Structure formats: structure tokens, C-alpha cells
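Everything on this sheet refers to the single structure shown next.
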Amino acid sequence: GGSVYQDFAPGAKGNLKPGLKNQNASHRFLSAAPPTGCKTDGTHSRLPTTILVYRKSLDRVDRVEFKTYIKNVLPNEWRSHWPKESLKAGAIAVKNFGWYWALRSASRTPSGQCYDVTDHTSSQMYKPGSATAATNAAVDATWGIRMTRDGKIFKAQYCSTTTACGHWVTGDWMSQNGSRDKAEAGWSYARILRYYYKGIVLD
């Protein structure tokens, strides 16, 4: 408590102000500056703080705060009125897909800018300002959950129905409508994810 405070830059050294010396002062570690260029600060065990989104119709790349990105993708991939456990399963899948590509930054726009994902169906549908209360709640409820395979973030893919997913790799795709049906049948989001994505760990 109190109004006296003092900031130190990363790696800097200095003496405390007289008003702080010999006091039981608290300490707050501020986050580092966000990454720049093509870099990410994410790892397989730590979420990235931002993601590079290619806004194709605008022909530009935006660096978007990662949680904001997820919250503005989920309502465009899952219906907001679907059961909560379906939305939670979707929130984790959407997060994993974005996280996977944020660790790579391998794509380039025609003008040579690097990006992680596009804002349409070739990646995930991202629409700024589209977040809803229901989908936000699903993202918040599962934000601390990590889904890995062999200790690494994997490309959690999904499509509308099991039939639509049928010709793709078994165990790497989730049916969006199937997640709804299973949630309506009383399945938890964890059970839904383990049904569709084989060999995963949720922690």
C-alpha cells in the first residue's frame, strides 16, 4: 500500500528511493515488451502473448493479443448458443490451432510480410468485435488448460461434421457438430476432446 513506487528496466540495477528503503515493499514483475517482427514469445509450455493475423481482404498483417484473437475466432467457428461443454472444447481447439502456428510464423504475404494465421477459413475465421458473452466465458474457463501430444502443442484441426472430417487423419480432427451433440448428451469438454484427438494430455 501507499503511493511510493519505483520501476526498474529489465536487467537494470539501482538503489531504492528513501521512501522505500527498510520498508516491507511489495514487488510486481511487469511483462516484457511484446515480440516484434516475425518472432513469438510463446513456447510449447507457455502461451504466446500475441499472434500475427493476415487480414487478407485488407492486405495487411495485424499483431493481435492472443486471448483477444481466440475470443474473436470462437463465435465464428462454434455457435454461441451451443452447450457450454461444446464451447469449452471448441475454445481449447481454437487456442491450440492458433498456438501451433504462432510457434512457426512460417507463412509470407505476397509482399513478404510474415504471419501465423489468416483471418478466414484457410486458418480460422477471425472477426474483430465478434466476441460474445457465452464464447468469452468458455475461453476464460479453459484458458489455463494446455492440450498436448508427446509434450508438444499440436495442430488441433476441426470441421463441421464427422462425415466432412472422414477423409482426413483420424485422431487429429474434431467434429464441431459432434461436439455439440456429445455435450447435449452430457459429455464434458475433456471427454469430447479425448474422443476426437487421440493420445492427448490435458493439463
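Please note that chains go A, B, ... in the order of the C-alpha cells, that every chain numbers its residues from 1, and that ligands are numbered from 1 in the order shown.
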
Requested in this report: Determine which residues of region 124-178 of chain A DSSP labels as helix (DSSP H, G or I) from the backbone of this structure, then write them out as a list in words.
Outcome: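 Matching residues, listed in order: Ala133, Ala134, Thr135, Asn136, Ala137, Ala138, Val139, Asp140, Ala141, Thr142, Thr162, Thr163, Ala164, Cys165, Gln176, Asn177 and Gly178 of chain A.
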
Output file for the selection above: N, CA, C and O atoms, as a PDB file, in the first residue's frame:
ATOM      1  N   ALA A 133     -20.703 -13.123 -24.975  1.00  0.00           N
ATOM      2  CA  ALA A 133     -20.572 -13.459 -23.553  1.00  0.00           C
ATOM      3  C   ALA A 133     -20.372 -14.965 -23.359  1.00  0.00           C
ATOM      4  O   ALA A 133     -19.537 -15.399 -22.563  1.00  0.00           O
ATOM      5  N   ALA A 134     -21.131 -15.765 -24.095  1.00  0.00           N
ATOM      6  CA  ALA A 134     -21.063 -17.226 -23.927  1.00  0.00           C
ATOM      7  C   ALA A 134     -19.710 -17.777 -24.371  1.00  0.00           C
ATOM      8  O   ALA A 134     -19.111 -18.617 -23.686  1.00  0.00           O
ATOM      9  N   THR A 135     -19.232 -17.323 -25.524  1.00  0.00           N
ATOM     10  CA  THR A 135     -17.945 -17.830 -26.001  1.00  0.00           C
ATOM     11  C   THR A 135     -16.790 -17.272 -25.175  1.00  0.00           C
ATOM     12  O   THR A 135     -15.806 -17.977 -24.933  1.00  0.00           O
ATOM     13  N   ASN A 136     -16.898 -16.038 -24.733  1.00  0.00           N
ATOM     14  CA  ASN A 136     -15.865 -15.484 -23.847  1.00  0.00           C
ATOM     15  C   ASN A 136     -15.757 -16.300 -22.561  1.00  0.00           C
ATOM     16  O   ASN A 136     -14.656 -16.558 -22.062  1.00  0.00           O
ATOM     17  N   ALA A 137     -16.903 -16.697 -22.022  1.00  0.00           N
ATOM     18  CA  ALA A 137     -16.910 -17.487 -20.789  1.00  0.00           C
ATOM     19  C   ALA A 137     -16.207 -18.823 -21.006  1.00  0.00           C
ATOM     20  O   ALA A 137     -15.476 -19.306 -20.131  1.00  0.00           O
ATOM     21  N   ALA A 138     -16.402 -19.429 -22.172  1.00  0.00           N
ATOM     22  CA  ALA A 138     -15.741 -20.704 -22.478  1.00  0.00           C
ATOM     23  C   ALA A 138     -14.229 -20.527 -22.588  1.00  0.00           C
ATOM     24  O   ALA A 138     -13.456 -21.362 -22.107  1.00  0.00           O
ATOM     25  N   VAL A 139     -13.805 -19.438 -23.217  1.00  0.00           N
ATOM     26  CA  VAL A 139     -12.370 -19.157 -23.339  1.00  0.00           C
ATOM     27  C   VAL A 139     -11.760 -18.925 -21.963  1.00  0.00           C
ATOM     28  O   VAL A 139     -10.709 -19.490 -21.619  1.00  0.00           O
ATOM     29  N   ASP A 140     -12.413 -18.106 -21.153  1.00  0.00           N
ATOM     30  CA  ASP A 140     -11.893 -17.807 -19.812  1.00  0.00           C
ATOM     31  C   ASP A 140     -11.823 -19.062 -18.944  1.00  0.00           C
ATOM     32  O   ASP A 140     -10.856 -19.262 -18.200  1.00  0.00           O
ATOM     33  N   ALA A 141     -12.842 -19.907 -19.050  1.00  0.00           N
ATOM     34  CA  ALA A 141     -12.909 -21.105 -18.196  1.00  0.00           C
ATOM     35  C   ALA A 141     -11.819 -22.109 -18.518  1.00  0.00           C
ATOM     36  O   ALA A 141     -11.426 -22.901 -17.658  1.00  0.00           O
ATOM     37  N   THR A 142     -11.331 -22.092 -19.753  1.00  0.00           N
ATOM     38  CA  THR A 142     -10.359 -23.105 -20.185  1.00  0.00           C
ATOM     39  C   THR A 142      -8.984 -22.508 -20.484  1.00  0.00           C
ATOM     40  O   THR A 142      -8.111 -23.204 -20.988  1.00  0.00           O
ATOM     41  N   THR A 162     -18.582 -35.204 -38.724  1.00  0.00           N
ATOM     42  CA  THR A 162     -17.707 -36.372 -38.819  1.00  0.00           C
ATOM     43  C   THR A 162     -17.579 -36.826 -40.265  1.00  0.00           C
ATOM     44  O   THR A 162     -16.505 -37.238 -40.716  1.00  0.00           O
ATOM     45  N   THR A 163     -18.657 -36.730 -41.031  1.00  0.00           N
ATOM     46  CA  THR A 163     -18.610 -37.103 -42.444  1.00  0.00           C
ATOM     47  C   THR A 163     -17.635 -36.209 -43.199  1.00  0.00           C
ATOM     48  O   THR A 163     -16.823 -36.669 -44.002  1.00  0.00           O
ATOM     49  N   ALA A 164     -17.714 -34.915 -42.925  1.00  0.00           N
ATOM     50  CA  ALA A 164     -16.807 -33.973 -43.585  1.00  0.00           C
ATOM     51  C   ALA A 164     -15.357 -34.240 -43.194  1.00  0.00           C
ATOM     52  O   ALA A 164     -14.437 -34.056 -43.992  1.00  0.00           O
ATOM     53  N   CYS A 165     -15.144 -34.677 -41.967  1.00  0.00           N
ATOM     54  CA  CYS A 165     -13.793 -34.965 -41.482  1.00  0.00           C
ATOM     55  C   CYS A 165     -13.295 -36.340 -41.898  1.00  0.00           C
ATOM     56  O   CYS A 165     -12.121 -36.650 -41.722  1.00  0.00           O
ATOM     57  N   GLN A 176     -17.274 -30.276 -35.203  1.00  0.00           N
ATOM     58  CA  GLN A 176     -17.920 -29.191 -34.448  1.00  0.00           C
ATOM     59  C   GLN A 176     -19.346 -29.588 -34.048  1.00  0.00           C
ATOM     60  O   GLN A 176     -19.734 -29.459 -32.883  1.00  0.00           O
ATOM     61  N   ASN A 177     -20.122 -30.072 -35.009  1.00  0.00           N
ATOM     62  CA  ASN A 177     -21.481 -30.504 -34.695  1.00  0.00           C
ATOM     63  C   ASN A 177     -21.477 -31.694 -33.738  1.00  0.00           C
ATOM     64  O   ASN A 177     -22.347 -31.824 -32.875  1.00  0.00           O
ATOM     65  N   GLY A 178     -20.474 -32.556 -33.890  1.00  0.00           N
ATOM     66  CA  GLY A 178     -20.358 -33.697 -32.989  1.00  0.00           C
ATOM     67  C   GLY A 178     -20.088 -33.271 -31.564  1.00  0.00           C
ATOM     68  O   GLY A 178     -20.614 -33.871 -30.609  1.00  0.00           O
TER      69      GLY A 178
END

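Separating CA of Lys155 (chain A) from CA of Asp172 (chain A) is a distance of 7.7 Å.
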
Query raised in the report: Quick one: residues within 9 Å of Arg60 (chain A), only C-alpha atoms counted, chain neighbours fewer than 4 positions away excluded, as a ChimeraX atom specification?
Result: /A:53-56,109,113

Report task. Find the residues around Pro35 (chain A) up to 9 Å (only C-alpha atoms counted), leave out those fewer than 4 positions away in its own chain, and share them as JSON, numbers by chain. Result -> {"A": [39, 40, 41, 49, 50]}

Could you save the residues just selected, with C-alpha atoms, as a CSV table (one decimal), in the first residue's frame?
chain,number,residue,atom,x,y,z
A,39,LYS,CA,9.1,-13.5,-33.5
A,40,THR,CA,6.8,-15.0,-30.8
A,41,ASP,CA,7.4,-15.2,-27.1
A,49,THR,CA,1.1,-13.1,-25.8
A,50,THR,CA,0.3,-12.1,-29.4

Query raised in the report: Taking the backbone alone, and naming residues the way the document does, which bits of region 109-157 of chain A are strand (DSSP E) by DSSP, as a list in words?
Result: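 Put together, the selection reads Cys114, Tyr115, Val117, Thr118, Met147, Thr148, Arg149, Lys152, Ile153 and Gln157 of chain A.
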
**Report entry** Near-Met125 (chain A) list (7 Å; only C-alpha atoms; drop same-chain fewer than 6 positions) as a list in words
**Finding:**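 Listed by chain and then number, they are Val73, Asn76, Glu77 and Asp119 of chain A.
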
**Report entry** Pairwise distance for CA of Cys114 (chain A) and CA of Ala156 (chain A), rounded to one decimal in Å
**Finding:**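 That distance, rounded to one decimal, is 21.7 Å.
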
Query - For Ala102 (chain A): contacts at 8 Å, only C-alpha atoms, fewer than 6 positions along chain excluded, given as an MDAnalysis selection string - result: chainID A and resid 40 42 48 51:52 116:117

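With only C-alpha atoms as the atoms that count, the minimum distance from Lys152 (chain A) to the choices A:Cys38, A:Val94, A:Val201, A:Val61 is reached by A:Val201.
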
Requested in this report: Would you mind reading off the distance between CA of Arg149 (chain A) and CA of Lys198 (chain A), one decimal, in Å?
Outcome: 8.4 Å
